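Working notes, structure below.
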Amino acid sequence: MIRLIECEGAPRDLGFDQGIQCREVLNAAYLSQARWQRARLRLRVETNECRMARLEIRRFCPQQAEMMQALARASRVPVAWLIAILAGDLRSALPADALLLAAASAITDRGGLLARALPGDAIVRRSRPDSGFRSIELTQPWRVAPLAGVNEAGLAVACVSSTDGFPGARPAAPAALLAQDCLRRFDSLDGAIDWLLVRPGGGKSMLVLADPSGEIAGVRVDGDERKIFRPAGGLIVHTGGHARQAEIEKGLREASPLMGSDLGRFFGMPLVVVEPGRRSIGLLGDRPAGEADRWFEI
């Protein structure tokens, strides 16, 4: 069952809280690595890609870097391992993990709505930073940035990442880390979008945002390139090239009004749904049949 963890304080405190509460699962995952891999990580023998990613994260995402250091220290795993996972994750997103949805009030009739695929190793994190907005988020034990979440101002974000064709690209801080800044810093779509457009970030990521008024937007990141989506039809569907994308999008448009609880029947997989108006996230399809979906509020 997906756990709820509580984190509060400065960035190092947030990371330390997550590390303490996720220590068991992180240690098990780390110990599952080959002995020679663990020895290399303990000795800080990094690939050039991971070394550059670490330096870029420290330079352009200092708070996320501080969280990662504290997370590693509290969970007793090397920070180099967390960096290596992050870099590897960007190149190996499963097709099912590419699912991302944003629906405006014209589609939902109740304010904006976001959804994305629910990873099997996910956790729910309630964050109360010393500086910035509180939030409720979906993330993973080793990840400092959210996969989806909403802050107390009602700004919501969800993202997926991949790096098709990454070899040969300049190593950089993953753009998906910027989802953390969106929730911590901003109470409006325009402010978050402006930030995503100018901040450095690498790889390929798709981030979608929504607010309680029902407005949605998306930003596609491809290395240094950025593209904004503000769909007139009020719907963004990103499936990473799924063969049924057109069919799925047509079904979503015809389901009027679209409710978060309806989404499972379109995609047939566990989902996290974010409702900005309720300042909450819901987990759909992660429990045995007949059991109610779980919702978490800030």
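We label chains A, B, ... in the order they appear in the structure tokens, count residues from 1 in each chain, and number ligands from 1 in the order shown.
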Item to complete: Please identify all polymer residues within 10 Å of A:Cys159, counting only C-alpha atoms, omitting same-chain residues fewer than 3 positions from it, and present them as a PyMOL selection string.
Response: chain A and resi 98-101+114-117+146-149+175-179+205-209+218-220
Item to complete: Excluding stretch 143-145 of chain A and residues on its chain fewer than 4 positions from it, collect all residues at most 7 Å away from it, counting only C-alpha atoms, and give them as a PyMOL selection string.
Response: chain A and resi 64+67-68+139+177+179-180
Discussion item. Using only C-alpha atoms, which protein or nucleic acid residues come within 10 Å of stretch 18-26 of chain A? Drop anything in the same chain fewer than 5 positions from it, and give the result as a ChimeraX atom specification.
Written reply: /A:3-8,12-13,31-32,67-77,82,121,123,125,127,140-144
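Minimum atom-to-atom distance to A:Val124, evaluated using only C-alpha atoms, belongs to A:Met1 out of A:Met1, A:Leu86, A:Pro270, A:Glu247.
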Can you tell me, as a compact mmCIF listing (two decimals) with N, CA, C and O atoms, in the first residue's frame, which residues in stretch 24-233 of chain A count as alpha helix (DSSP H) by DSSP?
```txt
# COMPACT_ATOMS: atom_id res chain seq x y z
N GLU A 24 14.16 2.15 5.13
CA GLU A 24 14.09 0.70 4.93
C GLU A 24 14.00 0.34 3.45
O GLU A 24 14.75 -0.52 2.96
N VAL A 25 13.10 1.01 2.72
CA VAL A 25 12.93 0.67 1.30
C VAL A 25 14.14 1.10 0.49
O VAL A 25 14.57 0.41 -0.44
N LEU A 26 14.76 2.23 0.83
CA LEU A 26 15.94 2.69 0.10
C LEU A 26 17.14 1.77 0.36
O LEU A 26 17.90 1.46 -0.56
N ASN A 27 17.31 1.34 1.61
CA ASN A 27 18.40 0.42 1.91
C ASN A 27 18.23 -0.90 1.18
O ASN A 27 19.19 -1.46 0.65
N ALA A 28 17.00 -1.40 1.13
CA ALA A 28 16.75 -2.66 0.43
C ALA A 28 17.07 -2.52 -1.06
O ALA A 28 17.68 -3.41 -1.66
N ALA A 29 16.67 -1.40 -1.65
CA ALA A 29 16.94 -1.18 -3.06
C ALA A 29 18.44 -1.04 -3.31
O ALA A 29 18.98 -1.58 -4.28
N TYR A 30 19.12 -0.32 -2.43
CA TYR A 30 20.56 -0.14 -2.60
C TYR A 30 21.31 -1.46 -2.45
O TYR A 30 22.21 -1.77 -3.25
N LEU A 31 20.93 -2.25 -1.47
CA LEU A 31 21.61 -3.53 -1.24
C LEU A 31 21.33 -4.55 -2.34
O LEU A 31 22.03 -5.55 -2.44
N ARG A 35 27.64 -6.08 -5.69
CA ARG A 35 28.63 -5.61 -4.72
C ARG A 35 29.61 -4.62 -5.35
O ARG A 35 29.98 -3.62 -4.74
N TRP A 36 30.04 -4.88 -6.59
CA TRP A 36 31.00 -3.98 -7.22
C TRP A 36 30.38 -2.61 -7.50
O TRP A 36 31.07 -1.58 -7.44
N GLN A 37 29.07 -2.60 -7.78
CA GLN A 37 28.40 -1.32 -7.99
C GLN A 37 28.33 -0.53 -6.69
O GLN A 37 28.56 0.69 -6.69
N ARG A 38 28.03 -1.22 -5.58
CA ARG A 38 27.97 -0.53 -4.30
C ARG A 38 29.35 0.01 -3.92
O ARG A 38 29.46 1.13 -3.39
N ALA A 39 30.38 -0.77 -4.17
CA ALA A 39 31.74 -0.32 -3.84
C ALA A 39 32.11 0.92 -4.65
O ALA A 39 32.70 1.88 -4.13
N ARG A 40 31.75 0.92 -5.92
CA ARG A 40 32.05 2.07 -6.77
C ARG A 40 31.33 3.32 -6.28
O ARG A 40 31.90 4.41 -6.22
N LEU A 41 30.07 3.17 -5.87
CA LEU A 41 29.30 4.31 -5.40
C LEU A 41 29.83 4.82 -4.07
O LEU A 41 29.89 6.03 -3.84
N ARG A 42 30.21 3.89 -3.17
CA ARG A 42 30.76 4.30 -1.88
C ARG A 42 32.06 5.08 -2.07
O ARG A 42 32.37 6.00 -1.32
N ASN A 48 30.91 10.11 -16.12
CA ASN A 48 30.98 11.53 -16.46
C ASN A 48 29.59 12.15 -16.50
O ASN A 48 29.37 13.27 -16.05
N GLU A 49 28.62 11.39 -16.99
CA GLU A 49 27.24 11.88 -17.06
C GLU A 49 26.68 12.20 -15.68
O GLU A 49 26.10 13.25 -15.46
N CYS A 50 26.88 11.28 -14.73
CA CYS A 50 26.36 11.49 -13.38
C CYS A 50 27.09 12.63 -12.67
O CYS A 50 26.48 13.41 -11.93
N ARG A 51 28.40 12.72 -12.90
CA ARG A 51 29.16 13.81 -12.28
C ARG A 51 28.66 15.15 -12.78
O ARG A 51 28.45 16.08 -11.99
N MET A 52 28.45 15.28 -14.08
CA MET A 52 27.97 16.53 -14.63
C MET A 52 26.55 16.83 -14.16
O MET A 52 26.22 17.98 -13.85
N ALA A 53 25.71 15.81 -14.09
CA ALA A 53 24.34 16.02 -13.60
C ALA A 53 24.38 16.51 -12.15
O ALA A 53 23.62 17.42 -11.78
N ARG A 54 25.24 15.93 -11.33
CA ARG A 54 25.34 16.35 -9.93
C ARG A 54 25.76 17.81 -9.83
O ARG A 54 25.20 18.59 -9.05
N LEU A 55 26.76 18.21 -10.63
CA LEU A 55 27.23 19.60 -10.61
C LEU A 55 26.15 20.55 -11.11
O LEU A 55 25.98 21.65 -10.57
N GLU A 56 25.41 20.13 -12.12
CA GLU A 56 24.35 20.98 -12.65
C GLU A 56 23.20 21.13 -11.65
O GLU A 56 22.63 22.21 -11.51
N ILE A 57 22.87 20.06 -10.95
CA ILE A 57 21.82 20.14 -9.93
C ILE A 57 22.24 21.09 -8.82
O ILE A 57 21.46 21.93 -8.37
N ARG A 58 23.48 20.96 -8.38
CA ARG A 58 23.98 21.84 -7.31
C ARG A 58 23.97 23.31 -7.76
O ARG A 58 23.66 24.21 -6.98
N ARG A 59 24.29 23.54 -9.03
CA ARG A 59 24.38 24.91 -9.53
C ARG A 59 23.02 25.55 -9.75
O ARG A 59 22.78 26.69 -9.36
N PHE A 60 22.10 24.81 -10.40
CA PHE A 60 20.85 25.41 -10.83
C PHE A 60 19.65 25.03 -9.94
O PHE A 60 18.62 25.70 -10.01
N PRO A 62 19.77 24.38 -6.23
CA PRO A 62 20.48 24.19 -4.96
C PRO A 62 19.63 23.61 -3.84
O PRO A 62 20.12 22.83 -3.02
N GLN A 63 18.35 23.98 -3.79
CA GLN A 63 17.51 23.43 -2.73
C GLN A 63 17.26 21.94 -2.95
O GLN A 63 17.26 21.16 -1.99
N GLN A 64 17.05 21.53 -4.20
CA GLN A 64 16.88 20.10 -4.49
C GLN A 64 18.17 19.35 -4.18
O GLN A 64 18.13 18.22 -3.67
N ALA A 65 19.33 19.95 -4.47
CA ALA A 65 20.61 19.32 -4.15
C ALA A 65 20.76 19.14 -2.64
O ALA A 65 21.22 18.09 -2.16
N GLU A 66 20.35 20.14 -1.87
CA GLU A 66 20.42 20.05 -0.41
C GLU A 66 19.49 18.96 0.11
O GLU A 66 19.84 18.21 1.03
N MET A 67 18.31 18.87 -0.47
CA MET A 67 17.38 17.80 -0.08
C MET A 67 17.96 16.43 -0.37
O MET A 67 17.84 15.51 0.44
N MET A 68 18.59 16.28 -1.53
CA MET A 68 19.17 14.98 -1.89
C MET A 68 20.29 14.58 -0.95
O MET A 68 20.40 13.42 -0.57
N GLN A 69 21.14 15.54 -0.58
CA GLN A 69 22.22 15.24 0.36
C GLN A 69 21.66 14.76 1.69
O GLN A 69 22.14 13.77 2.27
N ALA A 70 20.63 15.45 2.19
CA ALA A 70 20.03 15.06 3.47
C ALA A 70 19.29 13.73 3.36
O ALA A 70 19.33 12.92 4.28
N LEU A 71 18.62 13.51 2.24
CA LEU A 71 17.93 12.24 2.01
C LEU A 71 18.91 11.08 2.04
O LEU A 71 18.66 10.05 2.68
N ALA A 72 20.05 11.26 1.38
CA ALA A 72 21.07 10.21 1.35
C ALA A 72 21.63 9.95 2.75
O ALA A 72 21.80 8.81 3.17
N ARG A 73 21.92 11.03 3.46
CA ARG A 73 22.51 10.88 4.80
C ARG A 73 21.54 10.18 5.75
O ARG A 73 21.92 9.27 6.50
N ALA A 74 20.27 10.58 5.72
CA ALA A 74 19.29 10.01 6.65
C ALA A 74 18.98 8.56 6.33
O ALA A 74 18.74 7.75 7.23
N SER A 75 18.99 8.21 5.04
CA SER A 75 18.65 6.83 4.65
C SER A 75 19.87 5.93 4.56
O SER A 75 19.75 4.73 4.30
N VAL A 79 24.78 9.49 -1.96
CA VAL A 79 24.07 10.44 -2.82
C VAL A 79 24.37 10.17 -4.28
O VAL A 79 23.52 10.41 -5.15
N ALA A 80 25.55 9.61 -4.57
CA ALA A 80 25.88 9.26 -5.96
C ALA A 80 24.90 8.23 -6.52
O ALA A 80 24.62 8.22 -7.72
N TRP A 81 24.38 7.38 -5.65
CA TRP A 81 23.39 6.38 -6.09
C TRP A 81 22.08 7.07 -6.47
O TRP A 81 21.45 6.73 -7.47
N LEU A 82 21.66 8.06 -5.67
CA LEU A 82 20.43 8.79 -5.98
C LEU A 82 20.57 9.53 -7.31
O LEU A 82 19.63 9.56 -8.12
N ILE A 83 21.74 10.12 -7.55
CA ILE A 83 21.98 10.81 -8.81
C ILE A 83 21.94 9.82 -9.98
O ILE A 83 21.35 10.09 -11.03
N ALA A 84 22.56 8.65 -9.77
CA ALA A 84 22.60 7.64 -10.83
C ALA A 84 21.20 7.15 -11.17
O ALA A 84 20.86 6.94 -12.33
N ILE A 85 20.36 6.96 -10.15
CA ILE A 85 18.97 6.54 -10.40
C ILE A 85 18.24 7.62 -11.19
O ILE A 85 17.54 7.34 -12.16
N LEU A 86 18.42 8.87 -10.77
CA LEU A 86 17.74 9.97 -11.43
C LEU A 86 18.14 10.05 -12.89
O LEU A 86 17.31 10.18 -13.79
N ALA A 87 19.42 9.96 -13.16
CA ALA A 87 19.89 10.01 -14.55
C ALA A 87 19.37 8.81 -15.34
O ALA A 87 18.95 8.94 -16.48
N GLY A 88 19.40 7.63 -14.72
CA GLY A 88 18.91 6.43 -15.40
C GLY A 88 17.42 6.46 -15.61
O GLY A 88 16.92 6.01 -16.64
N ASP A 89 16.68 7.01 -14.65
CA ASP A 89 15.23 7.08 -14.76
C ASP A 89 14.81 7.88 -15.98
O ASP A 89 13.84 7.57 -16.66
N LEU A 90 15.56 8.91 -16.29
CA LEU A 90 15.21 9.74 -17.43
C LEU A 90 15.35 9.01 -18.75
O LEU A 90 14.75 9.38 -19.75
N ARG A 91 16.14 7.96 -18.79
CA ARG A 91 16.34 7.25 -20.04
C ARG A 91 15.49 5.99 -20.14
O ARG A 91 15.53 5.30 -21.14
N SER A 105 -11.80 23.40 -16.96
CA SER A 105 -13.17 23.40 -16.45
C SER A 105 -14.19 23.16 -17.54
O SER A 105 -15.30 22.67 -17.27
N ALA A 106 -13.86 23.48 -18.79
CA ALA A 106 -14.79 23.21 -19.90
C ALA A 106 -15.05 21.72 -20.07
O ALA A 106 -16.09 21.32 -20.58
N ILE A 107 -14.12 20.91 -19.63
CA ILE A 107 -14.24 19.45 -19.72
C ILE A 107 -14.76 18.86 -18.41
O ILE A 107 -15.58 17.95 -18.41
N THR A 108 -14.30 19.38 -17.29
CA THR A 108 -14.62 18.77 -15.99
C THR A 108 -15.84 19.39 -15.32
O THR A 108 -16.46 18.77 -14.47
N LEU A 178 12.17 20.88 -11.70
CA LEU A 178 11.53 22.18 -11.60
C LEU A 178 10.08 22.09 -11.12
O LEU A 178 9.50 23.10 -10.72
N ALA A 179 9.49 20.89 -11.15
CA ALA A 179 8.13 20.73 -10.61
C ALA A 179 8.09 21.11 -9.14
O ALA A 179 7.08 21.63 -8.65
N GLN A 180 9.20 20.85 -8.42
CA GLN A 180 9.27 21.23 -7.01
C GLN A 180 9.18 22.73 -6.85
O GLN A 180 8.49 23.25 -5.96
N ASP A 181 9.88 23.48 -7.72
CA ASP A 181 9.85 24.94 -7.65
C ASP A 181 8.46 25.48 -7.93
O ASP A 181 8.02 26.46 -7.32
N CYS A 182 7.75 24.85 -8.88
CA CYS A 182 6.39 25.32 -9.20
C CYS A 182 5.50 25.29 -7.96
O CYS A 182 4.76 26.26 -7.70
N LEU A 183 5.55 24.20 -7.21
CA LEU A 183 4.68 24.08 -6.04
C LEU A 183 5.14 24.97 -4.89
O LEU A 183 4.32 25.51 -4.15
N ARG A 184 6.44 25.10 -4.73
CA ARG A 184 6.96 25.86 -3.58
C ARG A 184 6.84 27.36 -3.78
O ARG A 184 6.59 28.10 -2.84
N ARG A 185 7.00 27.83 -5.03
CA ARG A 185 7.14 29.26 -5.27
C ARG A 185 5.89 29.98 -5.75
O ARG A 185 5.74 31.18 -5.50
N LEU A 189 -0.62 30.12 -12.67
CA LEU A 189 -0.06 29.43 -13.83
C LEU A 189 1.01 30.26 -14.53
O LEU A 189 2.06 29.75 -14.90
N ASP A 190 0.74 31.56 -14.70
CA ASP A 190 1.67 32.38 -15.47
C ASP A 190 3.04 32.45 -14.81
O ASP A 190 4.07 32.37 -15.48
N GLY A 191 3.07 32.59 -13.48
CA GLY A 191 4.35 32.65 -12.79
C GLY A 191 5.13 31.36 -12.94
O GLY A 191 6.34 31.37 -13.19
N ALA A 192 4.44 30.22 -12.80
CA ALA A 192 5.12 28.92 -12.93
C ALA A 192 5.60 28.69 -14.35
O ALA A 192 6.71 28.19 -14.56
N ILE A 193 4.80 29.07 -15.34
CA ILE A 193 5.20 28.87 -16.73
C ILE A 193 6.42 29.73 -17.07
O ILE A 193 7.36 29.27 -17.72
N ASP A 194 6.40 30.99 -16.62
CA ASP A 194 7.56 31.85 -16.86
C ASP A 194 8.84 31.23 -16.28
O ASP A 194 9.90 31.28 -16.89
N TRP A 195 8.72 30.63 -15.11
CA TRP A 195 9.87 29.99 -14.47
C TRP A 195 10.35 28.79 -15.30
O TRP A 195 11.55 28.63 -15.54
N LEU A 196 9.42 27.97 -15.75
CA LEU A 196 9.79 26.80 -16.54
C LEU A 196 10.45 27.18 -17.86
O LEU A 196 11.28 26.44 -18.39
N LEU A 197 10.08 28.32 -18.40
CA LEU A 197 10.62 28.72 -19.69
C LEU A 197 12.06 29.22 -19.60
O LEU A 197 12.81 29.14 -20.58
N VAL A 198 12.46 29.75 -18.45
CA VAL A 198 13.78 30.38 -18.37
C VAL A 198 14.79 29.57 -17.58
O VAL A 198 16.00 29.78 -17.73
```
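Between A:Glu275 and the candidates A:Ile216, A:Ala210, A:Ala10, A:Ala122, the tightest atom-to-atom separation, counting only C-alpha atoms, involves A:Ala210.
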